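Peer 1: Quick one: this structure, given as structure tokens, is what I'll be asking you about.
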Amino acid sequence: MTLAIGDELPPLVKGPITREDLKAYAAASGDPNPMHLDEEFARNAGYSGVFAHGMLSMGYLAEFLVQAGGVGSVRRFRTRFAKLTWPGEVITCRGRVTGITDRDGERIAECEIWTENQAAERKLVGSAVLAVPRR
Amino acid sequence: MIGRVLSTGSATVTAEHVAAFARALGDPNPLYVDPEAARRGPFGALVAPPTYPIAFMTQAMAGGMDTFLELGLNFMTLVHGEQEFEYTRPIRVGETLTLTGRISDVYEKTGSSGTLDFVVLETEARDADERPVFFSRNTLISRRT
């Protein structure tokens with residue numbers, strides 16, 4: 001894709017997130033936090049139940065950025081975990097280009113990015129810098 | 001405490017670890033999992049997805065938790081507040097990376113729901129030639145109870 005200011009990056013839909021997904025992510029990432037696996041533990045900590053690792057959703061956003069710019073295009077990538085993501089939610093990764101700089105044969109695109117659930121409630125909000133070859 | 005090196009560690013990126021991580025994300029990109037496709041691809045080898053450093057840091061820096069406990073964070077209410085990565089290039093399967101993790105900031109904020117403790121951890125990864133590969137800034141928040 002060409003990447004110009006105002007462009008929307010092609011959305012990526014993931015989920016619905018299952019408790020099995022959380023177990024798989026916990027194992028693969030080495031995160032032993034029972035908050036994502038143990039319903040009773042999560043309720044004792046004051047939550048309505050287990051919720052997804054923030055980094056699972058950030059992983060979805062990474063797939064979304066690579067879909068737009070290709071492997072190796074992501075130079076900076078930050079997110080704030082604004083709201084919790086729950087099992088059963090369908091998560092859509094979205095973003096748009098907010099700035100463009102052409103430099104050394106590369107096009108550097110600054111993007112605002114976020115995840116949202118099926119009610120368009122934003123969960124992760126952040127920004128990314130993609131570098132793609134200039135055409 | 002600020003600026004203190006939490007832990008260092010080095011580890012080799014394995015195809016199994018990267019493939020398991022990509023599978024757990026449901027990310028089908030062949031450059032993460034298919035050695036043949038990766039050999040023909042732009043990097044000539046399997047590479048890792050952009051958030052793989054989080055799993056790699058956990059694997060390579062086991063032991064950092066002790067210092068972490070000294071901070072007196074409430075583990076029952078510990079949440080990941082923000083995460084930031086900077087990349088020089090993709091991580092390649094088979095390479096050995098050396099990590100250095102530091103506490104870059106510690107602060108608190110008091111609001112209507114009580115006091116929150118913030119800890120910012122910064123980790124730098126360098127390759128065998130001492131060149132930077134990625135940088136991670138991780139903000140953790142715990143609520144005082």
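Note on naming: chains are A, B, ... as they come in the structure tokens, residues start from 1 per chain, ligands start from 1 in the order shown.
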How close does chain A get to chain B? List, as JSON lines, each residue of chain A within 10 Å, its nearest atom pair and the distance in Å to one decimal, counting only C-alpha atoms.

Peer 2:
{"residue": "A:Lys14", "atom": "CA", "partner": "B:Gly26", "partner_atom": "CA", "distance": 8.4}
{"residue": "A:Gly15", "atom": "CA", "partner": "B:Gly26", "partner_atom": "CA", "distance": 9.3}
{"residue": "A:Glu20", "atom": "CA", "partner": "B:Ala24", "partner_atom": "CA", "distance": 9.7}
{"residue": "A:Asp21", "atom": "CA", "partner": "B:Ala24", "partner_atom": "CA", "distance": 6.8}
{"residue": "A:Leu22", "atom": "CA", "partner": "B:Ala24", "partner_atom": "CA", "distance": 8.5}
{"residue": "A:Lys23", "atom": "CA", "partner": "B:Ala24", "partner_atom": "CA", "distance": 8.9}
{"residue": "A:Ala24", "atom": "CA", "partner": "B:Ala24", "partner_atom": "CA", "distance": 5.4}
{"residue": "A:Tyr25", "atom": "CA", "partner": "B:Ala24", "partner_atom": "CA", "distance": 5.1}
{"residue": "A:Ala26", "atom": "CA", "partner": "B:Ala24", "partner_atom": "CA", "distance": 8.6}
{"residue": "A:Ala27", "atom": "CA", "partner": "B:Ala24", "partner_atom": "CA", "distance": 8.5}
{"residue": "A:Ala28", "atom": "CA", "partner": "B:Phe21", "partner_atom": "CA", "distance": 5.0}
{"residue": "A:Ser29", "atom": "CA", "partner": "B:Ala55", "partner_atom": "CA", "distance": 4.3}
{"residue": "A:Gly30", "atom": "CA", "partner": "B:Ala55", "partner_atom": "CA", "distance": 6.1}
{"residue": "A:Asp31", "atom": "CA", "partner": "B:Thr58", "partner_atom": "CA", "distance": 7.7}
{"residue": "A:Asn33", "atom": "CA", "partner": "B:Phe75", "partner_atom": "CA", "distance": 9.1}
{"residue": "A:Pro34", "atom": "CA", "partner": "B:Met76", "partner_atom": "CA", "distance": 9.5}
{"residue": "A:Met35", "atom": "CA", "partner": "B:Met76", "partner_atom": "CA", "distance": 8.4}
{"residue": "A:Phe41", "atom": "CA", "partner": "B:Met76", "partner_atom": "CA", "distance": 8.9}
{"residue": "A:Ala42", "atom": "CA", "partner": "B:Met76", "partner_atom": "CA", "distance": 8.9}
{"residue": "A:Asn44", "atom": "CA", "partner": "B:Met76", "partner_atom": "CA", "distance": 8.9}
{"residue": "A:Ala45", "atom": "CA", "partner": "B:Met76", "partner_atom": "CA", "distance": 6.2}
{"residue": "A:Gly46", "atom": "CA", "partner": "B:Thr77", "partner_atom": "CA", "distance": 8.9}
{"residue": "A:His53", "atom": "CA", "partner": "B:His80", "partner_atom": "CA", "distance": 8.6}
{"residue": "A:Gly54", "atom": "CA", "partner": "B:His80", "partner_atom": "CA", "distance": 6.9}
{"residue": "A:Met55", "atom": "CA", "partner": "B:Thr51", "partner_atom": "CA", "distance": 7.6}
{"residue": "A:Leu56", "atom": "CA", "partner": "B:Leu25", "partner_atom": "CA", "distance": 6.6}
{"residue": "A:Ser57", "atom": "CA", "partner": "B:Leu25", "partner_atom": "CA", "distance": 8.6}
{"residue": "A:Met58", "atom": "CA", "partner": "B:Thr51", "partner_atom": "CA", "distance": 7.2}
{"residue": "A:Gly59", "atom": "CA", "partner": "B:Thr51", "partner_atom": "CA", "distance": 5.7}
{"residue": "A:Tyr60", "atom": "CA", "partner": "B:Leu25", "partner_atom": "CA", "distance": 6.8}
{"residue": "A:Leu61", "atom": "CA", "partner": "B:Thr51", "partner_atom": "CA", "distance": 9.3}
{"residue": "A:Ala62", "atom": "CA", "partner": "B:Pro50", "partner_atom": "CA", "distance": 5.9}
{"residue": "A:Glu63", "atom": "CA", "partner": "B:Asp27", "partner_atom": "CA", "distance": 6.5}
{"residue": "A:Phe64", "atom": "CA", "partner": "B:Asp27", "partner_atom": "CA", "distance": 9.6}
{"residue": "A:Leu65", "atom": "CA", "partner": "B:Pro50", "partner_atom": "CA", "distance": 9.3}
{"residue": "A:Val66", "atom": "CA", "partner": "B:Pro50", "partner_atom": "CA", "distance": 8.5}
{"residue": "A:Gln67", "atom": "CA", "partner": "B:Asn29", "partner_atom": "CA", "distance": 9.1}
{"residue": "A:Val71", "atom": "CA", "partner": "B:Pro90", "partner_atom": "CA", "distance": 7.6}
{"residue": "A:Gly72", "atom": "CA", "partner": "B:Pro90", "partner_atom": "CA", "distance": 5.5}
{"residue": "A:Ser73", "atom": "CA", "partner": "B:Arg89", "partner_atom": "CA", "distance": 8.5}
{"residue": "A:Val74", "atom": "CA", "partner": "B:Tyr87", "partner_atom": "CA", "distance": 7.1}
{"residue": "A:Arg75", "atom": "CA", "partner": "B:Tyr87", "partner_atom": "CA", "distance": 4.9}
{"residue": "A:Arg76", "atom": "CA", "partner": "B:Glu86", "partner_atom": "CA", "distance": 4.4}
{"residue": "A:Phe77", "atom": "CA", "partner": "B:Phe85", "partner_atom": "CA", "distance": 5.2}
{"residue": "A:Arg78", "atom": "CA", "partner": "B:Glu84", "partner_atom": "CA", "distance": 4.0}
{"residue": "A:Thr79", "atom": "CA", "partner": "B:Gln83", "partner_atom": "CA", "distance": 5.5}
{"residue": "A:Arg80", "atom": "CA", "partner": "B:Glu82", "partner_atom": "CA", "distance": 4.3}
{"residue": "A:Phe81", "atom": "CA", "partner": "B:Gly81", "partner_atom": "CA", "distance": 5.4}
{"residue": "A:Ala82", "atom": "CA", "partner": "B:Gly81", "partner_atom": "CA", "distance": 7.6}
{"residue": "A:Lys83", "atom": "CA", "partner": "B:Gly81", "partner_atom": "CA", "distance": 9.8}
{"residue": "A:Leu124", "atom": "CA", "partner": "B:Glu82", "partner_atom": "CA", "distance": 9.2}
{"residue": "A:Val125", "atom": "CA", "partner": "B:Glu82", "partner_atom": "CA", "distance": 9.6}
{"residue": "A:Gly126", "atom": "CA", "partner": "B:Glu84", "partner_atom": "CA", "distance": 9.1}
{"residue": "A:Ser127", "atom": "CA", "partner": "B:Glu84", "partner_atom": "CA", "distance": 9.3}
{"residue": "A:Ala128", "atom": "CA", "partner": "B:Phe85", "partner_atom": "CA", "distance": 9.3}
{"residue": "A:Val129", "atom": "CA", "partner": "B:Glu86", "partner_atom": "CA", "distance": 9.2}

Peer 1: For the residues in the current selection, export C-alpha atoms as a PDB file, in the first residue's frame.

Peer 2:
ATOM      1  CA  LYS A  14      -9.521 -11.389  15.759  1.00  0.00           C
ATOM      2  CA  GLY A  15     -11.531 -13.595  18.092  1.00  0.00           C
ATOM      3  CA  GLU A  20      -8.228 -21.466  25.638  1.00  0.00           C
ATOM      4  CA  ASP A  21      -6.600 -18.544  23.785  1.00  0.00           C
ATOM      5  CA  LEU A  22      -5.573 -17.073  27.152  1.00  0.00           C
ATOM      6  CA  LYS A  23      -4.068 -20.399  28.293  1.00  0.00           C
ATOM      7  CA  ALA A  24      -2.155 -20.718  25.026  1.00  0.00           C
ATOM      8  CA  TYR A  25      -0.869 -17.154  25.251  1.00  0.00           C
ATOM      9  CA  ALA A  26       0.157 -17.580  28.903  1.00  0.00           C
ATOM     10  CA  ALA A  27       2.166 -20.702  28.008  1.00  0.00           C
ATOM     11  CA  ALA A  28       3.793 -19.268  24.892  1.00  0.00           C
ATOM     12  CA  SER A  29       4.706 -15.929  26.477  1.00  0.00           C
ATOM     13  CA  GLY A  30       5.825 -17.356  29.833  1.00  0.00           C
ATOM     14  CA  ASP A  31       3.372 -15.171  31.766  1.00  0.00           C
ATOM     15  CA  ASN A  33      -0.192 -14.461  36.137  1.00  0.00           C
ATOM     16  CA  PRO A  34      -3.302 -16.362  37.353  1.00  0.00           C
ATOM     17  CA  MET A  35      -5.431 -13.260  36.666  1.00  0.00           C
ATOM     18  CA  PHE A  41      -8.313 -15.649  41.599  1.00  0.00           C
ATOM     19  CA  ALA A  42      -9.578 -12.925  39.242  1.00  0.00           C
ATOM     20  CA  ASN A  44     -10.920 -12.334  44.514  1.00  0.00           C
ATOM     21  CA  ALA A  45      -8.851  -9.549  42.992  1.00  0.00           C
ATOM     22  CA  GLY A  46     -12.055  -7.604  42.312  1.00  0.00           C
ATOM     23  CA  HIS A  53      -3.372 -10.335  28.587  1.00  0.00           C
ATOM     24  CA  GLY A  54      -2.809  -6.812  27.299  1.00  0.00           C
ATOM     25  CA  MET A  55       0.064  -8.252  25.279  1.00  0.00           C
ATOM     26  CA  LEU A  56      -2.304 -10.659  23.478  1.00  0.00           C
ATOM     27  CA  SER A  57      -4.146  -7.662  22.017  1.00  0.00           C
ATOM     28  CA  MET A  58      -0.843  -5.900  21.328  1.00  0.00           C
ATOM     29  CA  GLY A  59       0.168  -9.031  19.412  1.00  0.00           C
ATOM     30  CA  TYR A  60      -3.008  -8.655  17.318  1.00  0.00           C
ATOM     31  CA  LEU A  61      -2.033  -5.037  16.621  1.00  0.00           C
ATOM     32  CA  ALA A  62       1.423  -6.227  15.538  1.00  0.00           C
ATOM     33  CA  GLU A  63      -0.153  -8.622  13.018  1.00  0.00           C
ATOM     34  CA  PHE A  64      -2.304  -5.710  11.799  1.00  0.00           C
ATOM     35  CA  LEU A  65       0.737  -3.425  11.340  1.00  0.00           C
ATOM     36  CA  VAL A  66       2.719  -6.116   9.519  1.00  0.00           C
ATOM     37  CA  GLN A  67      -0.324  -6.728   7.279  1.00  0.00           C
ATOM     38  CA  VAL A  71       7.634  -7.816   8.129  1.00  0.00           C
ATOM     39  CA  GLY A  72      10.408  -5.475   9.244  1.00  0.00           C
ATOM     40  CA  SER A  73       8.404  -2.294   8.589  1.00  0.00           C
ATOM     41  CA  VAL A  74       7.531  -1.626  12.239  1.00  0.00           C
ATOM     42  CA  ARG A  75      10.088   0.755  13.788  1.00  0.00           C
ATOM     43  CA  ARG A  76       8.218   2.031  16.840  1.00  0.00           C
ATOM     44  CA  PHE A  77       5.117   0.682  18.436  1.00  0.00           C
ATOM     45  CA  ARG A  78       3.440   1.784  21.641  1.00  0.00           C
ATOM     46  CA  THR A  79       0.111   1.106  23.304  1.00  0.00           C
ATOM     47  CA  ARG A  80      -1.678   2.092  26.469  1.00  0.00           C
ATOM     48  CA  PHE A  81      -3.872  -0.635  27.930  1.00  0.00           C
ATOM     49  CA  ALA A  82      -6.846   1.673  28.466  1.00  0.00           C
ATOM     50  CA  LYS A  83      -9.594  -0.919  29.046  1.00  0.00           C
ATOM     51  CA  LEU A 124      -5.742  -0.527  23.503  1.00  0.00           C
ATOM     52  CA  VAL A 125      -4.819   2.884  22.127  1.00  0.00           C
ATOM     53  CA  GLY A 126      -1.427   3.823  20.800  1.00  0.00           C
ATOM     54  CA  SER A 127       0.757   4.757  17.912  1.00  0.00           C
ATOM     55  CA  ALA A 128       3.212   3.180  15.516  1.00  0.00           C
ATOM     56  CA  VAL A 129       5.872   4.212  13.036  1.00  0.00           C
TER      57      VAL A 129
END

Peer 1: Check the DSSP output for the backbone and give back, as a ChimeraX atom specification, the residues of chain B in strand (DSSP E or B).

Peer 2: /B:5-12,47,79-87,92,96-111,114-126,132-143

Peer 1: Go through B:Ile103, B:Val119, B:Thr98, B:Asp34 and flag the residue nearest Glu16 in chain B, using only C-alpha atoms for the distances.

Peer 2: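 Comparing B:Ile103, B:Val119, B:Thr98, B:Asp34 against Glu16 in chain B, the winner is B:Asp34.
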
Peer 1: So how many Å separate CA of Ala109 in chain A and CA of Thr92 in chain A, to one decimal?

Peer 2: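 If I compute the distance from CA of Ala109 in chain A to CA of Thr92 in chain A, I get 20.8 Å.
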
Peer 1: Within 8 Å of Arg134 in chain A, counting only C-alpha atoms, which residues qualify if same-chain residues fewer than 2 places away don't, as a VMD selection string?

Peer 2: chain A and resid 102 105 to 107 132

Peer 1: Please dump the current selection as a PDB file, in the first residue's frame; keep N, CA and C atoms.

Peer 2:
ATOM      1  N   ASP A 102       9.334  11.449   4.032  1.00  0.00           N
ATOM      2  CA  ASP A 102      10.128  10.671   3.075  1.00  0.00           C
ATOM      3  C   ASP A 102      11.597  10.914   3.365  1.00  0.00           C
ATOM      4  N   GLY A 105      15.031   7.142   0.740  1.00  0.00           N
ATOM      5  CA  GLY A 105      14.388   6.079  -0.031  1.00  0.00           C
ATOM      6  C   GLY A 105      13.299   5.341   0.724  1.00  0.00           C
ATOM      7  N   GLU A 106      12.991   5.826   1.918  1.00  0.00           N
ATOM      8  CA  GLU A 106      11.935   5.192   2.691  1.00  0.00           C
ATOM      9  C   GLU A 106      10.815   6.183   2.957  1.00  0.00           C
ATOM     10  N   ARG A 107       9.621   5.644   3.044  1.00  0.00           N
ATOM     11  CA  ARG A 107       8.473   6.445   3.478  1.00  0.00           C
ATOM     12  C   ARG A 107       8.169   6.049   4.927  1.00  0.00           C
ATOM     13  N   VAL A 132       8.350   1.998   4.983  1.00  0.00           N
ATOM     14  CA  VAL A 132       8.175   1.157   3.789  1.00  0.00           C
ATOM     15  C   VAL A 132       9.015   1.742   2.647  1.00  0.00           C
TER      16      VAL A 132
END

Peer 1: Have a look at CA of Arg4 in chain B and CA of Asp117 in chain B and let me know their distance in Å, one decimal.

Peer 2: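 So the two atoms, CA of Arg4 in chain B and CA of Asp117 in chain B, lie 17.6 Å apart.
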
Peer 1: Could you pull out the helix (DSSP H, G or I) residues of range 13-92 of chain A, going by DSSP on the backbone, and write them as a PyMOL selection string?

Peer 2: chain A and resi 19-29+34-36+39-44+54-69

Peer 1: How about saving the chosen residues, C-alpha atoms kept, as a PDB file, in the first residue's frame?

Peer 2:
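Below you can see result_27.pdb, which holds the result:
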ATOM      1  CA  ARG A  19     -10.240 -18.927  27.657  1.00  0.00           C
ATOM      2  CA  GLU A  20      -8.228 -21.466  25.638  1.00  0.00           C
ATOM      3  CA  ASP A  21      -6.600 -18.544  23.785  1.00  0.00           C
ATOM      4  CA  LEU A  22      -5.573 -17.073  27.152  1.00  0.00           C
ATOM      5  CA  LYS A  23      -4.068 -20.399  28.293  1.00  0.00           C
ATOM      6  CA  ALA A  24      -2.155 -20.718  25.026  1.00  0.00           C
ATOM      7  CA  TYR A  25      -0.869 -17.154  25.251  1.00  0.00           C
ATOM      8  CA  ALA A  26       0.157 -17.580  28.903  1.00  0.00           C
ATOM      9  CA  ALA A  27       2.166 -20.702  28.008  1.00  0.00           C
ATOM     10  CA  ALA A  28       3.793 -19.268  24.892  1.00  0.00           C
ATOM     11  CA  SER A  29       4.706 -15.929  26.477  1.00  0.00           C
ATOM     12  CA  PRO A  34      -3.302 -16.362  37.353  1.00  0.00           C
ATOM     13  CA  MET A  35      -5.431 -13.260  36.666  1.00  0.00           C
ATOM     14  CA  HIS A  36      -5.794 -14.503  33.083  1.00  0.00           C
ATOM     15  CA  GLU A  39     -11.649 -17.358  37.564  1.00  0.00           C
ATOM     16  CA  GLU A  40     -11.636 -17.481  41.353  1.00  0.00           C
ATOM     17  CA  PHE A  41      -8.313 -15.649  41.599  1.00  0.00           C
ATOM     18  CA  ALA A  42      -9.578 -12.925  39.242  1.00  0.00           C
ATOM     19  CA  ARG A  43     -12.825 -12.529  41.209  1.00  0.00           C
ATOM     20  CA  ASN A  44     -10.920 -12.334  44.514  1.00  0.00           C
ATOM     21  CA  GLY A  54      -2.809  -6.812  27.299  1.00  0.00           C
ATOM     22  CA  MET A  55       0.064  -8.252  25.279  1.00  0.00           C
ATOM     23  CA  LEU A  56      -2.304 -10.659  23.478  1.00  0.00           C
ATOM     24  CA  SER A  57      -4.146  -7.662  22.017  1.00  0.00           C
ATOM     25  CA  MET A  58      -0.843  -5.900  21.328  1.00  0.00           C
ATOM     26  CA  GLY A  59       0.168  -9.031  19.412  1.00  0.00           C
ATOM     27  CA  TYR A  60      -3.008  -8.655  17.318  1.00  0.00           C
ATOM     28  CA  LEU A  61      -2.033  -5.037  16.621  1.00  0.00           C
ATOM     29  CA  ALA A  62       1.423  -6.227  15.538  1.00  0.00           C
ATOM     30  CA  GLU A  63      -0.153  -8.622  13.018  1.00  0.00           C
ATOM     31  CA  PHE A  64      -2.304  -5.710  11.799  1.00  0.00           C
ATOM     32  CA  LEU A  65       0.737  -3.425  11.340  1.00  0.00           C
ATOM     33  CA  VAL A  66       2.719  -6.116   9.519  1.00  0.00           C
ATOM     34  CA  GLN A  67      -0.324  -6.728   7.279  1.00  0.00           C
ATOM     35  CA  ALA A  68      -0.140  -3.035   6.323  1.00  0.00           C
ATOM     36  CA  GLY A  69       3.633  -2.529   6.019  1.00  0.00           C
TER      37      GLY A  69
END

Peer 1: List the neighbours of Ala120 in chain A out to 12 Å using only C-alpha atoms; skip same-chain residues closer than 2 positions along the sequence, and give me the result as a VMD selection string.

Peer 2: chain A and resid 89 to 94 114 to 118 122 to 124

Peer 1: One decimal, Å: what's the distance from CA of Pro35 in chain B over to CA of Thr96 in chain B, could you say?

Peer 2: 18.3 Å
